[in-house]
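Enquirer: Below is the file my_file_28.txt, with compact mmCIF, C-alpha atoms.
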# COMPACT_ATOMS: atom_id res chain seq x y z
CA MET P 1 16.95 18.56 6.23
CA GLY P 2 15.98 21.00 3.48
CA GLY P 3 12.54 22.10 2.35
CA PRO P 4 9.72 23.68 4.29
CA PRO P 5 9.33 22.68 7.95
CA PHE P 6 7.00 19.79 8.59
CA LEU P 7 5.60 17.74 11.44
CA ARG P 8 4.74 14.10 11.66
CA PRO P 9 1.11 13.10 12.37
CA PRO P 10 -0.12 12.60 15.94
CA GLY P 11 0.98 9.52 17.83
CA VAL P 12 4.02 9.10 15.61
CA VAL P 13 6.83 6.86 16.79
CA SER P 14 10.45 8.03 16.58
CA GLU P 15 11.91 8.71 13.13
CA GLU P 16 13.90 5.47 13.31
CA ASP P 17 10.80 3.44 14.13
CA LEU P 18 8.77 5.26 11.48
CA ARG P 19 11.31 4.18 8.88
CA VAL P 20 10.77 0.58 9.95
CA ARG P 21 7.02 0.63 10.40
CA CYS P 22 5.60 2.93 7.74
CA ILE P 23 4.65 0.80 4.72
CA SER P 24 3.24 3.75 2.75
CA CYS P 25 -0.33 2.47 2.78
CA GLY P 26 -1.62 6.05 2.87
CA GLN P 27 -4.59 5.29 5.11
CA CYS P 28 -3.61 8.16 7.42
CA ALA P 29 -3.90 10.66 4.57
CA GLN P 30 -7.12 9.18 3.26
CA VAL P 31 -8.88 9.24 6.61
CA CYS P 32 -7.74 12.73 7.64
CA ASN P 33 -10.73 15.03 8.10
CA TYR P 34 -8.76 18.14 7.20
CA LYS P 35 -6.59 16.63 4.44
CA CYS P 36 -3.51 17.93 6.18
CA VAL P 37 -1.53 14.67 6.09
CA ARG P 38 0.65 14.72 3.01
CA LEU P 39 2.38 11.69 1.54
CA SER P 40 5.61 12.38 -0.23
CA PRO P 41 8.66 10.28 -1.03
CA ASP P 42 11.57 10.82 1.34
CA PHE P 43 14.17 10.18 -1.33
CA PHE P 44 14.54 8.61 -4.77
CA LEU P 45 12.03 5.76 -4.88
CA GLY P 46 11.75 6.10 -1.11
CA PRO P 47 8.73 5.34 1.04
CA THR P 48 5.96 7.91 0.99
CA THR P 49 5.82 8.74 4.68
CA PRO P 50 3.17 11.05 6.15
CA LYS P 51 4.05 14.68 6.74
CA ILE P 52 2.11 17.71 7.92
CA PHE P 53 3.23 21.05 6.56
CA GLN P 54 1.85 23.15 9.37
CA ARG P 55 2.23 26.45 7.54
CA GLU P 56 0.05 25.18 4.70
CA SER P 57 -2.46 23.04 6.60
CA PRO P 58 -1.98 22.22 10.27
CA CYS P 59 -3.31 19.22 12.18
CA PHE P 60 -6.53 19.77 14.12
CA LEU P 61 -5.99 16.64 16.18
CA CYS P 62 -9.00 14.68 14.93
CA MET P 63 -6.80 11.63 15.73
CA LYS P 64 -8.30 9.49 12.97
CA CYS P 65 -4.91 8.84 11.38
CA SER P 66 -3.38 7.42 14.51
CA ALA P 67 -6.41 5.19 15.06
CA ILE P 68 -6.31 3.67 11.57
CA CYS P 69 -2.56 3.06 11.11
CA PRO P 70 -2.24 -0.73 10.65
CA THR P 71 1.43 -1.05 11.54
CA GLY P 72 1.65 1.08 14.68
CA ALA P 73 3.78 3.75 13.00
CA LEU P 74 1.14 6.09 14.40
CA ARG P 75 0.00 4.99 17.83
CA ASP P 76 -3.61 5.36 18.92
CA VAL P 77 -3.13 8.01 21.61
CA PRO P 78 -5.33 10.74 23.09
CA MET P 79 -5.01 14.31 21.78
CA SER P 80 -2.79 15.37 24.63
CA GLY P 81 -0.33 12.57 23.83
CA ALA P 82 0.04 13.45 20.14
CA GLY P 83 3.73 14.28 20.66
CA MET P 84 4.18 16.01 17.32
CA GLY P 85 6.35 18.80 18.63
CA LYS P 86 6.44 21.75 20.98
CA ALA P 87 5.29 25.30 20.29
CA ALA P 88 7.35 28.25 21.43
CA LEU P 89 6.07 31.81 21.66
CA ASP P 90 8.30 34.78 20.83
CA LYS P 91 7.15 37.50 23.20
CA GLU P 92 8.97 40.13 21.18
CA ILE P 93 6.67 39.53 18.24
CA CYS P 94 3.37 38.52 19.91
CA LEU P 95 0.88 41.40 19.66
CA ASN P 96 -0.56 40.87 23.12
CA HIS P 97 2.84 40.71 24.78
CA ARG P 98 4.03 43.87 23.03
CA ARG P 99 0.85 45.79 23.80
CA GLU P 100 1.97 48.24 21.18
CA ARG P 101 -0.82 48.32 18.74
CA ARG P 102 -3.58 48.20 21.33
CA VAL P 103 -4.96 45.03 19.79
CA SER P 104 -6.21 41.94 21.52
CA CYS P 105 -5.34 38.97 19.40
CA TRP P 106 -5.70 35.62 21.27
CA THR P 107 -5.97 33.81 17.92
CA CYS P 108 -3.58 31.07 19.05
CA TYR P 109 -5.52 30.57 22.26
CA GLU P 110 -8.88 30.49 20.51
CA ARG P 111 -7.84 28.07 17.78
CA CYS P 112 -5.70 25.70 19.82
CA PRO P 113 -7.33 22.21 19.82
CA LEU P 114 -6.16 21.98 23.45
CA LYS P 115 -7.43 25.45 24.31
CA GLY P 116 -6.99 26.27 27.96
CA THR P 117 -4.58 23.39 28.42
CA ALA P 118 -1.72 23.74 25.96
CA ILE P 119 -2.19 27.50 25.58
CA ILE P 120 -3.54 29.54 28.46
CA LEU P 121 -4.10 33.26 28.94
CA GLU P 122 -2.05 34.76 31.71
CA LYS P 123 -3.97 37.42 33.54
CA GLY P 124 -6.71 36.75 31.02
CA TYR P 125 -4.72 38.53 28.30
CA THR P 126 -1.28 37.31 27.33
CA PRO P 127 -1.01 33.84 25.77
CA LYS P 128 1.37 31.35 27.28
CA VAL P 129 2.35 27.97 25.83
CA MET P 130 2.40 25.18 28.40
CA GLU P 131 5.23 23.19 26.89
CA GLU P 132 4.59 19.93 28.72
CA LEU P 133 0.97 19.87 27.58
CA CYS P 134 1.50 21.10 24.01
CA ALA P 135 0.76 18.46 21.35
CA GLY P 136 2.69 20.35 18.66
CA CYS P 137 -0.16 20.26 16.14
CA GLY P 138 0.94 23.50 14.47
CA VAL P 139 -2.45 25.27 14.52
CA CYS P 140 -1.05 28.17 16.53
CA GLU P 141 1.81 28.62 14.07
CA TYR P 142 -0.66 28.55 11.18
CA VAL P 143 -3.07 31.11 12.63
CA CYS P 144 -0.67 33.56 14.31
CA PRO P 145 -0.90 36.78 12.29
CA THR P 146 2.62 37.89 13.18
CA GLY P 147 4.47 34.57 13.10
CA ALA P 148 5.20 34.77 16.83
CA ILE P 149 4.70 31.06 17.42
CA LYS P 150 6.86 28.36 15.90
CA VAL P 151 6.54 24.64 16.48
CA THR P 152 9.70 22.58 16.85
CA PRO P 153 8.94 19.11 15.46
CA ALA P 154 9.46 16.27 17.91
CA ARG P 155 11.46 14.45 15.24
CA PHE P 156 14.45 16.76 15.69
CA PRO P 157 15.31 16.07 19.31
CA ALA P 158 13.44 12.80 18.91
CA LYS P 159 16.03 10.47 20.32
CA LYS P 160 14.36 9.62 23.56
CA SER P 161 16.30 7.93 26.26
CA ALA P 162 14.87 4.49 26.91
CA MET U 1 -29.00 -21.42 -23.82
CA LYS U 2 -25.45 -20.51 -23.00
CA LYS U 3 -24.45 -20.59 -19.40
CA ILE U 4 -23.30 -17.29 -17.92
CA PHE U 5 -20.92 -19.00 -15.55
CA SER U 6 -19.00 -21.69 -17.37
CA LEU U 7 -15.45 -22.51 -18.31
CA HIS U 8 -16.00 -20.69 -21.59
CA THR U 9 -16.90 -17.44 -19.86
CA LEU U 10 -14.20 -17.72 -17.19
CA PRO U 11 -11.76 -15.34 -18.96
CA PHE U 12 -14.52 -12.74 -19.27
CA TRP U 13 -15.35 -12.85 -15.56
CA ARG U 14 -11.70 -12.72 -14.61
CA ARG U 15 -11.07 -9.70 -16.83
CA LEU U 16 -14.15 -8.01 -15.40
CA ILE U 17 -12.89 -8.53 -11.82
CA GLN U 18 -9.42 -7.24 -12.79
CA VAL U 19 -10.88 -4.11 -14.39
CA LEU U 20 -13.25 -3.48 -11.47
CA THR U 21 -10.38 -3.85 -8.99
CA ALA U 22 -8.21 -1.41 -10.95
CA LEU U 23 -11.13 1.03 -11.09
CA ALA U 24 -11.87 0.57 -7.39
CA PHE U 25 -8.42 1.83 -6.46
CA ILE U 26 -9.03 4.94 -8.57
CA LEU U 27 -12.43 5.49 -6.98
CA ILE U 28 -11.63 4.77 -3.32
CA PRO U 29 -9.49 7.89 -2.69
CA ILE U 30 -12.08 9.99 -4.53
CA LEU U 31 -14.87 8.54 -2.39
CA ASN U 32 -12.79 9.28 0.72
CA LEU U 33 -12.59 12.91 -0.38
CA CYS U 34 -16.38 12.92 -0.73
CA GLY U 35 -16.71 11.72 2.85
CA VAL U 36 -17.36 8.03 2.13
CA ASP U 37 -15.07 6.43 4.70
CA LEU U 38 -15.74 2.71 4.38
CA LEU U 39 -12.64 1.71 2.43
CA HIS U 40 -9.09 2.96 2.88
CA GLY U 41 -5.59 2.11 1.84
CA ASN U 42 -3.78 0.60 -1.10
CA PHE U 43 -2.37 -2.77 -2.11
CA LEU U 44 0.18 -2.66 0.72
CA ALA U 45 -2.44 -2.42 3.45
CA PHE U 46 -6.15 -2.03 3.05
CA ARG U 47 -9.14 -1.72 5.30
CA ALA U 48 -12.68 -2.59 4.23
CA TRP U 49 -15.07 -1.45 6.95
CA SER U 50 -13.09 -2.72 9.91
CA VAL U 51 -11.59 -5.76 8.19
CA PRO U 52 -7.87 -5.31 7.50
CA LEU U 53 -6.17 -6.84 4.48
CA GLY U 54 -2.51 -6.54 3.71
CA ASP U 55 0.48 -7.58 1.70
CA PRO U 56 2.16 -10.39 3.67
CA LEU U 57 5.59 -9.31 2.43
CA ALA U 58 5.04 -5.77 3.75
CA ALA U 59 4.11 -7.22 7.13
CA LEU U 60 7.10 -9.55 7.14
CA GLN U 61 9.44 -6.64 6.44
CA VAL U 62 8.03 -4.64 9.36
CA VAL U 63 8.38 -7.66 11.65
CA LEU U 64 11.98 -8.28 10.59
CA GLY U 65 12.90 -4.59 10.65
CA GLY U 66 11.64 -3.87 14.12
CA PHE U 67 10.83 -7.27 15.59
CA SER U 68 7.38 -6.02 16.39
CA ALA U 69 3.93 -6.32 14.90
CA THR U 70 0.41 -5.08 15.47
CA GLN U 71 -2.64 -7.27 15.57
CA THR U 72 -4.19 -5.37 12.66
CA MET U 73 -1.15 -5.89 10.47
CA LEU U 74 -0.90 -9.59 11.26
CA THR U 75 -4.61 -10.13 10.70
CA GLY U 76 -4.46 -8.37 7.32
CA ALA U 77 -1.45 -10.34 6.15
CA GLY U 78 -2.93 -13.56 7.58
CA LEU U 79 -6.18 -13.16 5.64
CA THR U 80 -4.28 -12.64 2.39
CA LEU U 81 -2.12 -15.68 3.07
CA LEU U 82 -5.22 -17.69 3.93
CA LEU U 83 -6.65 -16.90 0.50
CA ALA U 84 -3.37 -18.03 -1.10
CA LEU U 85 -3.35 -21.15 1.07
CA PHE U 86 -6.61 -22.41 -0.41
CA MET U 87 -6.70 -20.69 -3.80
CA GLY U 88 -3.02 -20.28 -4.72
CA PRO U 89 -1.67 -16.90 -5.87
CA VAL U 90 -5.00 -15.85 -7.40
CA PHE U 91 -4.28 -12.28 -6.36
CA CYS U 92 -1.81 -12.05 -9.25
CA SER U 93 -4.25 -13.14 -11.94
CA TRP U 94 -7.59 -11.93 -10.63
CA LEU U 95 -6.90 -8.74 -8.69
CA CYS U 96 -3.49 -7.21 -9.46
CA PRO U 97 -3.85 -4.17 -11.74
CA PHE U 98 -0.31 -4.53 -13.04
CA GLY U 99 -1.17 -8.11 -13.97
CA LEU U 100 -4.09 -6.72 -16.00
CA PHE U 101 -1.90 -4.21 -17.87
CA SER U 102 0.80 -6.79 -18.38
CA GLU U 103 -1.64 -9.31 -19.84
CA LEU U 104 -2.88 -6.74 -22.35
CA ILE U 105 0.57 -6.69 -23.94
CA PRO U 106 0.44 -9.11 -26.88
CA LYS U 107 2.16 -12.37 -26.11
CA ARG U 108 4.93 -13.58 -28.36
CA ARG U 109 4.18 -16.75 -30.15
CA GLY U 110 5.74 -19.25 -28.36
CA LYS U 111 6.97 -21.78 -26.27
CA GLU U 112 7.12 -22.15 -22.59
CA ARG U 113 9.75 -20.14 -20.80
CA PRO U 114 12.19 -21.57 -18.33
CA GLY U 115 11.11 -21.23 -14.76
CA LEU U 116 13.01 -18.72 -12.69
CA PHE U 117 11.08 -18.77 -9.46
CA PRO U 118 14.38 -19.01 -7.53
CA LEU U 119 15.33 -15.60 -8.96
CA LYS U 120 12.24 -14.01 -7.43
CA ALA U 121 12.90 -15.84 -4.18
CA ALA U 122 16.50 -14.59 -4.24
CA ILE U 123 15.31 -10.99 -4.67
CA VAL U 124 13.06 -11.39 -1.63
CA LEU U 125 15.79 -13.05 0.40
CA ALA U 126 18.33 -10.36 -0.51
CA GLY U 127 15.83 -7.64 0.42
CA LEU U 128 15.10 -9.27 3.77
CA MET U 129 18.84 -9.60 4.50
CA VAL U 130 19.32 -5.89 3.77
CA ILE U 131 16.44 -5.11 6.14
CA ILE U 132 17.88 -7.24 8.92
CA PHE U 133 21.51 -6.17 8.62
CA PHE U 134 21.68 -2.76 6.94
CA TYR U 135 18.50 -0.75 6.46
CA PRO U 136 15.48 -1.69 8.58
CA GLY U 137 12.79 -0.25 6.32
CA PRO U 138 10.24 -2.03 4.09
CA ILE U 139 12.36 -1.57 0.96
CA LEU U 140 10.74 -4.38 -1.01
CA ASN U 141 7.51 -2.38 -1.05
CA GLN U 142 9.23 -0.15 -3.56
CA LEU U 143 9.11 -3.03 -6.01
CA SER U 144 5.38 -3.55 -5.52
CA LEU U 145 3.82 -2.46 -8.80
CA PRO U 146 0.21 -2.86 -7.59
CA GLY U 147 1.44 -0.82 -4.62
CA TRP U 148 2.75 1.96 -6.88
CA TYR U 149 -0.43 1.87 -8.95
CA SER U 150 -2.65 2.39 -5.93
CA ARG U 151 -0.25 4.89 -4.33
CA ALA U 152 -0.26 6.95 -7.53
CA MET U 153 -4.07 6.95 -7.53
CA GLN U 154 -4.14 8.04 -3.88
CA HIS U 155 -1.71 10.83 -4.68
CA ALA U 156 -3.63 12.01 -7.72
CA ALA U 157 -6.93 12.14 -5.82
CA LEU U 158 -5.56 13.71 -2.65
CA TYR U 159 -3.19 16.27 -4.11
CA GLY U 160 -4.03 16.45 -7.81
CA GLU U 161 -0.49 15.65 -8.82
CA ALA U 162 1.51 12.74 -10.16
CA LEU U 163 3.65 10.55 -7.94
CA TRP U 164 6.78 10.40 -10.04
CA PRO U 165 8.33 7.18 -8.64
CA ALA U 166 5.23 5.43 -9.95
CA ALA U 167 6.97 5.75 -13.32
CA LEU U 168 8.36 2.34 -12.38
CA LEU U 169 4.99 1.00 -13.54
CA PRO U 170 5.25 2.11 -17.21
CA ALA U 171 8.94 1.20 -17.13
CA ALA U 172 8.06 -2.36 -16.15
CA LEU U 173 5.37 -2.44 -18.83
CA ALA U 174 7.94 -1.29 -21.40
CA LEU U 175 10.20 -4.11 -20.27
CA ASP U 176 7.31 -6.51 -20.72
CA ALA U 177 6.52 -5.13 -24.16
CA LEU U 178 10.11 -5.54 -25.30
CA SER U 179 10.31 -9.08 -24.06
CA GLY U 180 6.91 -10.39 -25.07
CA GLY U 181 5.20 -9.94 -21.75
CA ARG U 182 5.13 -11.02 -18.12
CA VAL U 183 8.84 -10.58 -17.36
CA TRP U 184 8.17 -8.58 -14.19
CA CYS U 185 5.49 -10.97 -12.98
CA GLY U 186 7.46 -14.04 -13.91
CA TYR U 187 10.96 -13.13 -12.84
CA ILE U 188 11.01 -10.09 -10.55
CA CYS U 189 7.80 -9.40 -8.59
CA PRO U 190 8.71 -10.09 -4.95
CA GLN U 191 5.13 -9.72 -3.70
CA SER U 192 4.07 -12.95 -5.40
CA VAL U 193 6.72 -15.08 -3.69
CA LEU U 194 5.03 -15.51 -0.31
CA LEU U 195 1.68 -16.08 -1.98
CA ALA U 196 3.18 -18.80 -4.17
CA LEU U 197 4.93 -20.40 -1.21
CA ALA U 198 1.71 -20.32 0.85
CA GLY U 199 0.07 -22.18 -2.01
CA LEU U 200 2.44 -25.10 -1.51
CA ILE U 201 1.34 -25.81 2.04
CA LEU U 202 -2.03 -27.44 1.42
CA PRO U 203 -2.06 -30.30 -1.10
CA PRO U 204 -5.79 -29.98 -1.90
CA ARG U 205 -5.72 -26.29 -2.80
CA LEU U 206 -7.21 -24.89 -6.01
CA GLN U 207 -4.98 -25.62 -8.97
CA VAL U 208 -4.92 -26.61 -12.61
CA ARG U 209 -4.83 -30.37 -13.00
CA PHE U 210 -4.04 -32.23 -16.18
CA HIS U 211 -5.75 -35.50 -17.11
CA ARG U 212 -3.53 -36.94 -19.78
CA ALA U 213 -6.00 -39.55 -20.98
CA ALA U 214 -8.58 -36.89 -21.80
CA CYS U 215 -6.24 -34.73 -23.88
CA THR U 216 -7.23 -34.76 -27.54
CA CYS U 217 -4.77 -32.19 -28.87
CA PRO U 218 -1.82 -33.25 -31.01
CA ALA U 219 1.62 -32.34 -29.74
CA ARG U 220 2.03 -29.51 -32.26
CA SER U 221 -1.25 -27.80 -31.46
CA ARG U 222 -1.52 -26.87 -27.86
CA PRO U 223 -4.25 -24.31 -27.20
CA CYS U 224 -3.53 -24.43 -23.49
CA LEU U 225 0.09 -23.40 -24.03
CA LYS U 226 -1.00 -20.58 -26.32
CA ALA U 227 -3.55 -19.40 -23.77
CA CYS U 228 -1.13 -19.15 -20.86
CA SER U 229 0.15 -15.59 -20.57
CA LEU U 230 2.94 -16.72 -18.25
CA TYR U 231 4.39 -19.06 -20.88
CA LEU U 232 3.77 -22.14 -18.75
CA ASN U 233 2.96 -25.56 -20.06
CA PRO U 234 -0.18 -26.69 -18.20
CA ARG U 235 0.39 -30.23 -19.41
CA ALA U 236 3.60 -30.53 -17.46
CA PRO U 237 2.60 -30.34 -13.82
CA GLY U 238 5.22 -30.15 -11.13
CA LEU U 239 6.61 -27.98 -8.38
CA GLU U 240 7.77 -25.22 -10.72
CA GLN U 241 4.34 -25.16 -12.30
CA LYS U 242 2.67 -25.00 -8.90
CA LEU U 243 4.86 -22.08 -7.87
CA ARG U 244 4.42 -20.08 -11.06
CA CYS U 245 0.82 -20.77 -12.07
CA THR U 246 -1.56 -18.07 -10.82
CA ASN U 247 -4.78 -20.00 -11.46
CA CYS U 248 -6.07 -17.54 -14.03
CA GLY U 249 -7.95 -20.38 -15.71
CA ASP U 250 -7.17 -19.31 -19.30
CA CYS U 251 -5.70 -22.69 -20.17
CA VAL U 252 -8.68 -24.50 -18.65
CA SER U 253 -11.03 -22.32 -20.64
CA ALA U 254 -9.08 -22.99 -23.85
CA CYS U 255 -9.08 -26.71 -23.11
CA ALA U 256 -12.84 -26.68 -22.56
CA ARG U 257 -13.27 -26.37 -26.34
CA HIS U 258 -11.24 -29.53 -26.83
CA GLY U 259 -10.89 -32.54 -24.60
CA ARG U 260 -11.46 -30.91 -21.19
CA ALA U 261 -8.24 -32.48 -20.02
CA LEU U 262 -7.47 -29.46 -17.82
CA ARG U 263 -9.53 -28.74 -14.74
CA LEU U 264 -9.28 -26.03 -12.15
CA ASP U 265 -10.36 -27.63 -8.91
CA PHE U 266 -9.44 -28.60 -5.39
CA GLY U 267 -8.15 -32.05 -6.26
CA LYS U 268 -11.22 -34.10 -6.97
CA LYS U 269 -10.58 -37.21 -9.00
CA ILE U 270 -11.00 -36.51 -12.68
CA ARG U 271 -13.37 -38.94 -14.34
I need this file expressed as structure tokens, please.

Expert:
Amino acid sequence: MGGPPFLRPPGVVSEEDLRVRCISCGQCAQVCNYKCVRLSPDFFLGPTTPKIFQRESPCFLCMKCSAICPTGALRDVPMSGAGMGKAALDKEICLNHRRERRVSCWTCYERCPLKGTAIILEKGYTPKVMEELCAGCGVCEYVCPTGAIKVTPARFPAKKSA
Amino acid sequence: MKKIFSLHTLPFWRRLIQVLTALAFILIPILNLCGVDLLHGNFLAFRAWSVPLGDPLAALQVVLGGFSATQTMLTGAGLTLLLALFMGPVFCSWLCPFGLFSELIPKRRGKERPGLFPLKAAIVLAGLMVIIFFYPGPILNQLSLPGWYSRAMQHAALYGEALWPAALLPAALALDALSGGRVWCGYICPQSVLLALAGLILPPRLQVRFHRAACTCPARSRPCLKACSLYLNPRAPGLEQKLRCTNCGDCVSACARHGRALRLDFGKKIR
């Protein structure tokens, strides 16, 4: 799929189910505290499904969108169950892992909505993403000054076995 | 002293409600941006405080596409159908913003148009078949012009840009202008089908009733026929009439200056 990378909002069902359930009512975008949910048509005259362009405005997991969705396209789940994607840290680029510039960054750790759970500090210094606990909100990718963290949207490997 | 609420002032009140509804869907996304979070959504699904309202056709498509439904969605669609059950498809004539724009297009002088409700029903049926057998997405929503109106307003308020597929709205208005008005509403709009069908269920629901003995107009002069924007003949009641009439009340208001042979009521005996 072309265009900039994007995530789906928290609590989203699989892409196949989203296609069935999303009626483009836009309530998720209207209720979002941070105005990060973007509605855009998927194709010519297609439904305007919700997207989050994490490099422009990430999701801070306020979870209002998943609570308001009338059709269950976004399920009302806790922050930890957002299931938007998984973050991956490139140790070759992360300032703290390289220890080259004698800087202490921790921006990803500090800004993570699941601070101390999804991102922890190993030995109190180097950030580590706990993949199983990561909600994939994209905040770390947005704030990382060197682009060391990238979030893989859950919609790519989305086909869950039943 | 003239009465504020009377059959003569009915068209004024209806137009006022139409305009206020159209304005509301411009204002709601702006109010949301200002932190007023009481109303959300568009004409496909709406939430006022915690009360959901929704387009029954949108809900039906989700149910058929995934064989699943949420309580919120069913409640919203149910409330809309309940309104249609007792009041007929009043949404089309009192609330729909496209209906407002379409009515502003001057009507051609004329006669009643043939009824093509089966065409609208066929569009809905074809769409539902596609959803069940080929593409399980709510594709008929893309033909919802009130939906596109409110989606375009959401888009403009949230992102400050136009939603280009909403160009379907002026395209439909152009079609109406070329044909003398109300072609989309009369022959295409799939959203009105379920509302019209719901209106058939209860015999005593709100509808225009004709009392032949009270009619004082000669056959050539029919103010009620001229008043109807949908090119219906209010003096010829029947199933087709019941399916197509949206209870706007224009014919009743026009008739009020003559013999008062038309009434908009729940089926009380006339005189």

Enquirer: Chain P near chain U within 12 Å: what's each residue's closest atom pair and its distance in Å to one decimal, counting all atoms listed in the file, ordered by chain then ascending residue number, as CSV?

Expert:
residue,atom,partner,partner_atom,distance
P:Glu15,CA,U:Gly137,CA,11.3
P:Glu16,CA,U:Pro136,CA,8.7
P:Asp17,CA,U:Gly66,CA,7.4
P:Leu18,CA,U:Gly137,CA,8.6
P:Arg19,CA,U:Gly137,CA,5.3
P:Val20,CA,U:Gly137,CA,4.2
P:Arg21,CA,U:Val62,CA,5.5
P:Cys22,CA,U:Pro138,CA,7.7
P:Ile23,CA,U:Pro138,CA,6.3
P:Ser24,CA,U:Leu44,CA,7.4
P:Cys25,CA,U:Gly41,CA,5.4
P:Gly26,CA,U:Gly41,CA,5.7
P:Gln27,CA,U:Gly41,CA,4.7
P:Cys28,CA,U:Gly41,CA,8.5
P:Ala29,CA,U:Leu158,CA,8.0
P:Gln30,CA,U:Asn32,CA,6.2
P:Val31,CA,U:Asp37,CA,7.1
P:Cys32,CA,U:Asn32,CA,9.2
P:Asn33,CA,U:Gly35,CA,8.6
P:Tyr34,CA,U:Leu33,CA,10.0
P:Lys35,CA,U:Leu158,CA,7.7
P:Cys36,CA,U:Leu158,CA,10.0
P:Val37,CA,U:Leu158,CA,9.7
P:Arg38,CA,U:Tyr159,CA,8.2
P:Leu39,CA,U:His155,CA,7.5
P:Ser40,CA,U:Leu163,CA,8.2
P:Pro41,CA,U:Pro165,CA,8.2
P:Asp42,CA,U:Pro165,CA,11.1
P:Phe43,CA,U:Pro165,CA,9.8
P:Phe44,CA,U:Pro165,CA,7.5
P:Leu45,CA,U:Pro165,CA,5.5
P:Gly46,CA,U:Gln142,CA,7.2
P:Pro47,CA,U:Gln142,CA,7.2
P:Thr48,CA,U:Arg151,CA,8.7
P:Thr49,CA,U:Gly137,CA,11.5
P:Pro50,CA,U:His155,CA,11.9
P:Lys64,CA,U:Asp37,CA,11.1
P:Cys65,CA,U:His40,CA,11.1
P:Ala67,CA,U:Thr72,CA,11.1
P:Ile68,CA,U:Arg47,CA,8.7
P:Cys69,CA,U:Thr72,CA,8.7
P:Pro70,CA,U:Met73,CA,5.3
P:Thr71,CA,U:Met73,CA,5.6
P:Gly72,CA,U:Thr70,CA,6.3
P:Ala73,CA,U:Thr70,CA,9.8
P:Leu74,CA,U:Thr70,CA,11.2
P:Arg75,CA,U:Thr70,CA,10.4
P:Asp76,CA,U:Thr70,CA,11.7

Enquirer: Give me, as a PDB file with C-alpha atoms, in the coordinates of the input, all polymer residues having an atom no more than 10 Å from Pro5 of chain P, counting all atoms listed in the file and skipping those fewer than 5 positions away in the same chain.

Expert:
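Result file out_4.pdb:
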ATOM      1  CA  LYS P  51       4.050  14.680   6.740  1.00  0.00           C
ATOM      2  CA  ILE P  52       2.110  17.710   7.920  1.00  0.00           C
ATOM      3  CA  PHE P  53       3.230  21.050   6.560  1.00  0.00           C
ATOM      4  CA  GLN P  54       1.850  23.150   9.370  1.00  0.00           C
ATOM      5  CA  ARG P  55       2.230  26.450   7.540  1.00  0.00           C
ATOM      6  CA  VAL P 151       6.540  24.640  16.480  1.00  0.00           C
ATOM      7  CA  THR P 152       9.700  22.580  16.850  1.00  0.00           C
ATOM      8  CA  PRO P 153       8.940  19.110  15.460  1.00  0.00           C
TER       9      PRO P 153
END

Enquirer: So that I can check the surroundings of Ala261 of chain U, please list as number ranges by chain every protein, DNA and RNA residue that reaches within 6 Å of it, counting all atoms listed in the file and ignoring chain neighbours fewer than 3 positions away.

Expert: U: 210-211, 214-215

Enquirer: Have a look at P:Ser57, P:Ser14, P:Asn96, P:Ser80 and name the one nearest to Glu131 of chain P; count all atoms listed in the file.

Expert: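 Looking at the shortest contact to Glu131 of chain P, the residue is P:Ser80.
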
Enquirer: Please compute the atom CA of Leu60 of chain U-atom CA of Cys185 of chain U distance, one decimal, in Å.

Expert: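 Taking atom CA of Leu60 of chain U as the start and atom CA of Cys185 of chain U as the end point, the length is 20.2 Å.
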
Enquirer: Leaving out His8 of chain U and any residue of its chain fewer than 2 positions from it, which residues lie within 6 Å of it when counting only C-alpha atoms, given as a list in words?

Expert: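 Counting only C-alpha atoms, the residues come to Ser6, Leu10 and Ser253 of chain U.
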
Enquirer: Output C-alpha atoms for every residue in that selection, as a compact mmCIF listing (two decimals), in the frame of the given file.

Expert:
# COMPACT_ATOMS: atom_id res chain seq x y z
CA SER U 6 -19.00 -21.69 -17.37
CA LEU U 10 -14.20 -17.72 -17.19
CA SER U 253 -11.03 -22.32 -20.64

Enquirer: Do you know which residues are at most 8 Å from Met63 of chain P counting all atoms listed in the file, after dropping those on the same chain fewer than 5 positions away, and could you put them as an MDAnalysis selection string?

Expert: chainID P and resid 10 76:79

Enquirer: Just to be explicit: take each residue in the selection above, keep C-alpha atoms, and write the result as a PDB file, in the coordinates of the input.

Expert:
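The file below, result-v3.pdb, is the result:
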ATOM      1  CA  PRO P  10      -0.120  12.600  15.940  1.00  0.00           C
ATOM      2  CA  ASP P  76      -3.610   5.360  18.920  1.00  0.00           C
ATOM      3  CA  VAL P  77      -3.130   8.010  21.610  1.00  0.00           C
ATOM      4  CA  PRO P  78      -5.330  10.740  23.090  1.00  0.00           C
ATOM      5  CA  MET P  79      -5.010  14.310  21.780  1.00  0.00           C
TER       6      MET P  79
END

Enquirer: For segment 100-109 of chain P, find every residue with an atom within 8 Å (counting all atoms listed in the file), except residues of its own chain fewer than 5 positions away, and show them as a PDB file with C-alpha atoms, in the frame of the given file.

Expert:
ATOM      1  CA  LEU P  95       0.880  41.400  19.660  1.00  0.00           C
ATOM      2  CA  LYS P 115      -7.430  25.450  24.310  1.00  0.00           C
ATOM      3  CA  GLY P 116      -6.990  26.270  27.960  1.00  0.00           C
ATOM      4  CA  ILE P 119      -2.190  27.500  25.580  1.00  0.00           C
ATOM      5  CA  ILE P 120      -3.540  29.540  28.460  1.00  0.00           C
ATOM      6  CA  LEU P 121      -4.100  33.260  28.940  1.00  0.00           C
ATOM      7  CA  TYR P 125      -4.720  38.530  28.300  1.00  0.00           C
ATOM      8  CA  THR P 126      -1.280  37.310  27.330  1.00  0.00           C
ATOM      9  CA  PRO P 127      -1.010  33.840  25.770  1.00  0.00           C
ATOM     10  CA  VAL P 139      -2.450  25.270  14.520  1.00  0.00           C
ATOM     11  CA  CYS P 140      -1.050  28.170  16.530  1.00  0.00           C
ATOM     12  CA  GLU P 141       1.810  28.620  14.070  1.00  0.00           C
ATOM     13  CA  VAL P 143      -3.070  31.110  12.630  1.00  0.00           C
ATOM     14  CA  CYS P 144      -0.670  33.560  14.310  1.00  0.00           C
TER      15      CYS P 144
END
